[in-house]
Amino acid sequence: MRIPESTELADAILSGEAKFSHPAGREWDVPRICPLCERRMVVKLNPVGWEAMCSRHGLFRSEWLQR
């Protein structure tokens with residue numbers, strides 16, 4: 001899958017304008033829905049975190065939350 005050039009998702013999350021939502025009781029789970037367009041994201045898990053990609057708004061990596 002081609003990663004879009006957009007950084008809208010990362011910009012919105014890191015600035016605090018948008019926030020990932022989780023189903024009730026699953027706050028520990030990785031985000032699966034884009035907070036900007038509410039489309040399902042492609043999520044890849046790895047041993048140290050995750051990365052989520054929205055086909056319209058770009059990529060977000062869990063490591064960016066810890067900076």
# chains A, B, ... in the order shown; residues from 1 in each chain; ligands from 1
>>> residues_around(residues="Glu5 of chain A", least_positions_apart="6", cutoff="10 Å", atoms="only C-alpha atoms", output="list in words")
Ser55, Arg56, His57, Gly58 and Leu59 of chain A
>>> write_last_selection(atoms="N, CA, C and O atoms", output="tab-separated table (two decimals), in the first residue's frame")
chain	number	residue	atom	x	y	z
A	55	SER	N	-5.47	6.29	4.62
A	55	SER	CA	-5.24	6.44	3.19
A	55	SER	C	-5.34	7.89	2.73
A	55	SER	O	-4.85	8.24	1.66
A	56	ARG	N	-5.95	8.74	3.55
A	56	ARG	CA	-6.08	10.16	3.19
A	56	ARG	C	-5.18	11.09	3.99
A	56	ARG	O	-4.74	12.11	3.49
A	57	HIS	N	-4.93	10.75	5.26
A	57	HIS	CA	-4.26	11.70	6.15
A	57	HIS	C	-2.85	11.31	6.56
A	57	HIS	O	-2.22	12.03	7.33
A	58	GLY	N	-2.35	10.19	6.09
A	58	GLY	CA	-0.96	9.85	6.32
A	58	GLY	C	-0.70	8.89	7.46
A	58	GLY	O	-1.58	8.22	7.97
A	59	LEU	N	0.56	8.85	7.86
A	59	LEU	CA	1.09	7.87	8.80
A	59	LEU	C	1.26	8.46	10.20
A	59	LEU	O	1.56	9.64	10.36
>>> select_by_dssp(residues="chain A", states="helix (DSSP H, G or I)", output="VMD selection string")
chain A and resid 8 to 15 62 to 66
>>> write_last_selection(atoms="all heavy atoms", output="mmCIF file, in the first residue's frame")
data_model
loop_
_atom_site.group_PDB
_atom_site.id
_atom_site.type_symbol
_atom_site.label_atom_id
_atom_site.label_comp_id
_atom_site.auth_asym_id
_atom_site.auth_seq_id
_atom_site.Cartn_x
_atom_site.Cartn_y
_atom_site.Cartn_z
ATOM 1 N N GLU A 8 -1.182 15.304 7.783
ATOM 2 C CA GLU A 8 -2.317 15.859 8.537
ATOM 3 C C GLU A 8 -2.598 15.089 9.818
ATOM 4 O O GLU A 8 -2.872 15.698 10.855
ATOM 5 C CB GLU A 8 -3.581 15.863 7.669
ATOM 6 C CG GLU A 8 -3.605 16.912 6.600
ATOM 7 C CD GLU A 8 -4.891 16.843 5.811
ATOM 8 O OE1 GLU A 8 -5.919 17.314 6.337
ATOM 9 O OE2 GLU A 8 -4.861 16.305 4.697
ATOM 10 N N LEU A 9 -2.558 13.756 9.759
ATOM 11 C CA LEU A 9 -2.859 12.946 10.940
ATOM 12 C C LEU A 9 -1.831 13.206 12.041
ATOM 13 O O LEU A 9 -2.197 13.492 13.181
ATOM 14 C CB LEU A 9 -2.895 11.464 10.578
ATOM 15 C CG LEU A 9 -3.174 10.491 11.725
ATOM 16 C CD1 LEU A 9 -4.520 10.805 12.377
ATOM 17 C CD2 LEU A 9 -3.134 9.060 11.228
ATOM 18 N N ALA A 10 -0.564 13.136 11.712
ATOM 19 C CA ALA A 10 0.487 13.371 12.702
ATOM 20 C C ALA A 10 0.404 14.785 13.258
ATOM 21 O O ALA A 10 0.522 14.990 14.474
ATOM 22 C CB ALA A 10 1.858 13.119 12.083
ATOM 23 N N ASP A 11 0.192 15.763 12.400
ATOM 24 C CA ASP A 11 0.099 17.156 12.851
ATOM 25 C C ASP A 11 -1.067 17.345 13.821
ATOM 26 O O ASP A 11 -0.930 18.009 14.846
ATOM 27 C CB ASP A 11 -0.065 18.102 11.660
ATOM 28 C CG ASP A 11 1.152 18.127 10.750
ATOM 29 O OD1 ASP A 11 2.241 17.702 11.190
ATOM 30 O OD2 ASP A 11 1.005 18.559 9.595
ATOM 31 N N ALA A 12 -2.219 16.753 13.509
ATOM 32 C CA ALA A 12 -3.409 16.916 14.347
ATOM 33 C C ALA A 12 -3.240 16.235 15.706
ATOM 34 O O ALA A 12 -3.593 16.801 16.734
ATOM 35 C CB ALA A 12 -4.635 16.370 13.630
ATOM 36 N N ILE A 13 -2.680 15.037 15.719
ATOM 37 C CA ILE A 13 -2.497 14.307 16.981
ATOM 38 C C ILE A 13 -1.455 14.996 17.854
ATOM 39 O O ILE A 13 -1.663 15.223 19.037
ATOM 40 C CB ILE A 13 -2.093 12.842 16.719
ATOM 41 C CG1 ILE A 13 -3.216 12.093 15.989
ATOM 42 C CG2 ILE A 13 -1.708 12.135 18.011
ATOM 43 C CD1 ILE A 13 -4.480 11.908 16.784
ATOM 44 N N LEU A 14 -0.324 15.343 17.273
ATOM 45 C CA LEU A 14 0.766 15.931 18.064
ATOM 46 C C LEU A 14 0.452 17.345 18.549
ATOM 47 O O LEU A 14 0.950 17.771 19.584
ATOM 48 C CB LEU A 14 2.060 15.909 17.260
ATOM 49 C CG LEU A 14 2.592 14.507 16.952
ATOM 50 C CD1 LEU A 14 3.803 14.578 16.048
ATOM 51 C CD2 LEU A 14 2.897 13.742 18.224
ATOM 52 N N SER A 15 -0.406 18.068 17.829
ATOM 53 C CA SER A 15 -0.775 19.414 18.273
ATOM 54 C C SER A 15 -1.924 19.391 19.283
ATOM 55 O O SER A 15 -2.217 20.391 19.911
ATOM 56 C CB SER A 15 -1.177 20.274 17.074
ATOM 57 O OG SER A 15 -2.414 19.831 16.545
ATOM 58 N N SER A 62 3.559 5.140 16.958
ATOM 59 C CA SER A 62 3.390 5.240 18.417
ATOM 60 C C SER A 62 4.595 5.908 19.077
ATOM 61 O O SER A 62 4.447 6.597 20.087
ATOM 62 C CB SER A 62 3.164 3.863 19.031
ATOM 63 O OG SER A 62 4.265 3.008 18.799
ATOM 64 N N GLU A 63 5.765 5.743 18.518
ATOM 65 C CA GLU A 63 6.968 6.355 19.111
ATOM 66 C C GLU A 63 6.887 7.881 19.125
ATOM 67 O O GLU A 63 7.514 8.532 19.945
ATOM 68 C CB GLU A 63 8.217 5.899 18.379
ATOM 69 C CG GLU A 63 8.243 6.335 16.938
ATOM 70 C CD GLU A 63 9.275 5.583 16.084
ATOM 71 O OE1 GLU A 63 9.354 4.366 16.198
ATOM 72 O OE2 GLU A 63 9.978 6.270 15.320
ATOM 73 N N TRP A 64 6.093 8.456 18.246
ATOM 74 C CA TRP A 64 5.949 9.919 18.198
ATOM 75 C C TRP A 64 5.193 10.447 19.426
ATOM 76 O O TRP A 64 5.324 11.614 19.773
ATOM 77 C CB TRP A 64 5.263 10.360 16.919
ATOM 78 C CG TRP A 64 6.036 10.022 15.687
ATOM 79 C CD1 TRP A 64 7.356 9.686 15.598
ATOM 80 C CD2 TRP A 64 5.535 9.991 14.354
ATOM 81 N NE1 TRP A 64 7.705 9.439 14.300
ATOM 82 C CE2 TRP A 64 6.600 9.616 13.502
ATOM 83 C CE3 TRP A 64 4.304 10.220 13.786
ATOM 84 C CZ2 TRP A 64 6.458 9.479 12.132
ATOM 85 C CZ3 TRP A 64 4.169 10.084 12.414
ATOM 86 C CH2 TRP A 64 5.232 9.725 11.611
ATOM 87 N N LEU A 65 4.394 9.607 20.082
ATOM 88 C CA LEU A 65 3.671 10.029 21.265
ATOM 89 C C LEU A 65 4.597 10.199 22.472
ATOM 90 O O LEU A 65 4.272 10.907 23.406
ATOM 91 C CB LEU A 65 2.587 8.999 21.623
ATOM 92 C CG LEU A 65 1.408 8.924 20.678
ATOM 93 C CD1 LEU A 65 0.538 7.732 21.044
ATOM 94 C CD2 LEU A 65 0.608 10.207 20.706
ATOM 95 N N GLN A 66 5.738 9.559 22.431
ATOM 96 C CA GLN A 66 6.653 9.576 23.563
ATOM 97 C C GLN A 66 7.690 10.668 23.486
ATOM 98 O O GLN A 66 8.545 10.778 24.333
ATOM 99 C CB GLN A 66 7.302 8.211 23.689
ATOM 100 C CG GLN A 66 6.251 7.151 23.915
ATOM 101 C CD GLN A 66 6.793 5.744 23.893
ATOM 102 O OE1 GLN A 66 7.992 5.545 23.980
ATOM 103 N NE2 GLN A 66 5.922 4.792 23.768
#
>>> select_by_dssp(residues="chain A", states="strand (DSSP E)", output="list in words")
Val42, Val43, Lys44, Leu45, Asn46, Gly49, Trp50, Glu51, Ala52, Met53, Cys54, Gly58, Leu59, Phe60 and Arg61 of chain A
>>> residues_around(residues="segment 30-34 of chain A", least_positions_apart="6", cutoff="8 Å", atoms="only C-alpha atoms", output="JSON, numbers by chain")
{"A": [9, 20, 21, 22, 40, 41, 42, 43, 50, 52, 54]}
>>> write_last_selection(atoms="all heavy atoms", output="short mmCIF file (atom, residue, chain, number, x, y, z; two decimals), in the first residue's frame")
data_model
loop_
_atom_site.label_atom_id
_atom_site.label_comp_id
_atom_site.auth_asym_id
_atom_site.auth_seq_id
_atom_site.Cartn_x
_atom_site.Cartn_y
_atom_site.Cartn_z
N LEU A 9 -2.56 13.76 9.76
CA LEU A 9 -2.86 12.95 10.94
C LEU A 9 -1.83 13.21 12.04
O LEU A 9 -2.20 13.49 13.18
CB LEU A 9 -2.90 11.46 10.58
CG LEU A 9 -3.17 10.49 11.73
CD1 LEU A 9 -4.52 10.80 12.38
CD2 LEU A 9 -3.13 9.06 11.23
N PHE A 20 -7.05 10.04 19.30
CA PHE A 20 -7.51 8.71 18.95
C PHE A 20 -8.58 8.27 19.93
O PHE A 20 -8.48 8.52 21.13
CB PHE A 20 -6.37 7.69 18.99
CG PHE A 20 -5.37 7.84 17.88
CD1 PHE A 20 -4.04 8.07 18.15
CD2 PHE A 20 -5.77 7.74 16.56
CE1 PHE A 20 -3.12 8.20 17.13
CE2 PHE A 20 -4.85 7.86 15.52
CZ PHE A 20 -3.53 8.09 15.81
N SER A 21 -9.61 7.60 19.43
CA SER A 21 -10.64 7.06 20.31
C SER A 21 -10.54 5.54 20.30
O SER A 21 -10.09 4.94 19.34
CB SER A 21 -12.03 7.51 19.86
OG SER A 21 -12.28 7.02 18.56
N HIS A 22 -10.96 4.95 21.40
CA HIS A 22 -10.91 3.50 21.56
C HIS A 22 -12.29 3.02 22.02
O HIS A 22 -12.98 3.72 22.75
CB HIS A 22 -9.87 3.10 22.60
CG HIS A 22 -8.49 3.57 22.27
ND1 HIS A 22 -7.68 2.94 21.37
CD2 HIS A 22 -7.77 4.62 22.71
CE1 HIS A 22 -6.53 3.56 21.28
NE2 HIS A 22 -6.56 4.61 22.08
N ARG A 40 -11.36 3.49 8.47
CA ARG A 40 -10.51 2.47 9.08
C ARG A 40 -9.07 2.63 8.59
O ARG A 40 -8.84 2.85 7.41
CB ARG A 40 -11.04 1.09 8.73
CG ARG A 40 -10.39 -0.01 9.50
CD ARG A 40 -11.29 -1.23 9.46
NE ARG A 40 -10.66 -2.33 10.12
CZ ARG A 40 -10.71 -2.56 11.41
NH1 ARG A 40 -11.38 -1.74 12.19
NH2 ARG A 40 -10.12 -3.60 11.95
N MET A 41 -8.12 2.53 9.51
CA MET A 41 -6.70 2.68 9.16
C MET A 41 -6.04 1.30 9.07
O MET A 41 -6.49 0.34 9.68
CB MET A 41 -5.97 3.50 10.23
CG MET A 41 -6.46 4.92 10.36
SD MET A 41 -5.46 5.92 11.47
CE MET A 41 -5.75 5.13 13.05
N VAL A 42 -4.95 1.24 8.31
CA VAL A 42 -4.11 0.05 8.26
C VAL A 42 -3.15 0.15 9.44
O VAL A 42 -2.44 1.15 9.56
CB VAL A 42 -3.34 -0.02 6.93
CG1 VAL A 42 -2.36 -1.18 6.94
CG2 VAL A 42 -4.30 -0.13 5.77
N VAL A 43 -3.13 -0.85 10.31
CA VAL A 43 -2.31 -0.81 11.51
C VAL A 43 -1.31 -1.96 11.46
O VAL A 43 -1.68 -3.10 11.19
CB VAL A 43 -3.16 -0.93 12.79
CG1 VAL A 43 -2.30 -0.94 14.03
CG2 VAL A 43 -4.17 0.21 12.85
N TRP A 50 3.62 0.50 17.31
CA TRP A 50 2.70 0.31 16.20
C TRP A 50 2.80 1.49 15.25
O TRP A 50 3.33 2.54 15.60
CB TRP A 50 1.26 0.14 16.67
CG TRP A 50 0.80 1.20 17.64
CD1 TRP A 50 0.81 1.10 19.00
CD2 TRP A 50 0.30 2.52 17.35
NE1 TRP A 50 0.35 2.27 19.56
CE2 TRP A 50 0.01 3.16 18.56
CE3 TRP A 50 0.05 3.20 16.17
CZ2 TRP A 50 -0.49 4.45 18.64
CZ3 TRP A 50 -0.46 4.49 16.25
CH2 TRP A 50 -0.73 5.09 17.47
N ALA A 52 0.09 3.39 12.33
CA ALA A 52 -1.25 3.41 11.74
C ALA A 52 -1.23 4.34 10.55
O ALA A 52 -0.64 5.43 10.61
CB ALA A 52 -2.26 3.89 12.77
N CYS A 54 -3.64 6.18 7.58
CA CYS A 54 -4.91 6.55 6.96
C CYS A 54 -4.63 6.80 5.48
O CYS A 54 -3.64 7.46 5.14
CB CYS A 54 -5.48 7.81 7.62
SG CYS A 54 -6.96 8.45 6.79
#
>>> atom_distance(atom1="atom CA of Ala18 of chain A", atom2="atom CA of Pro35 of chain A")
6.3 Å
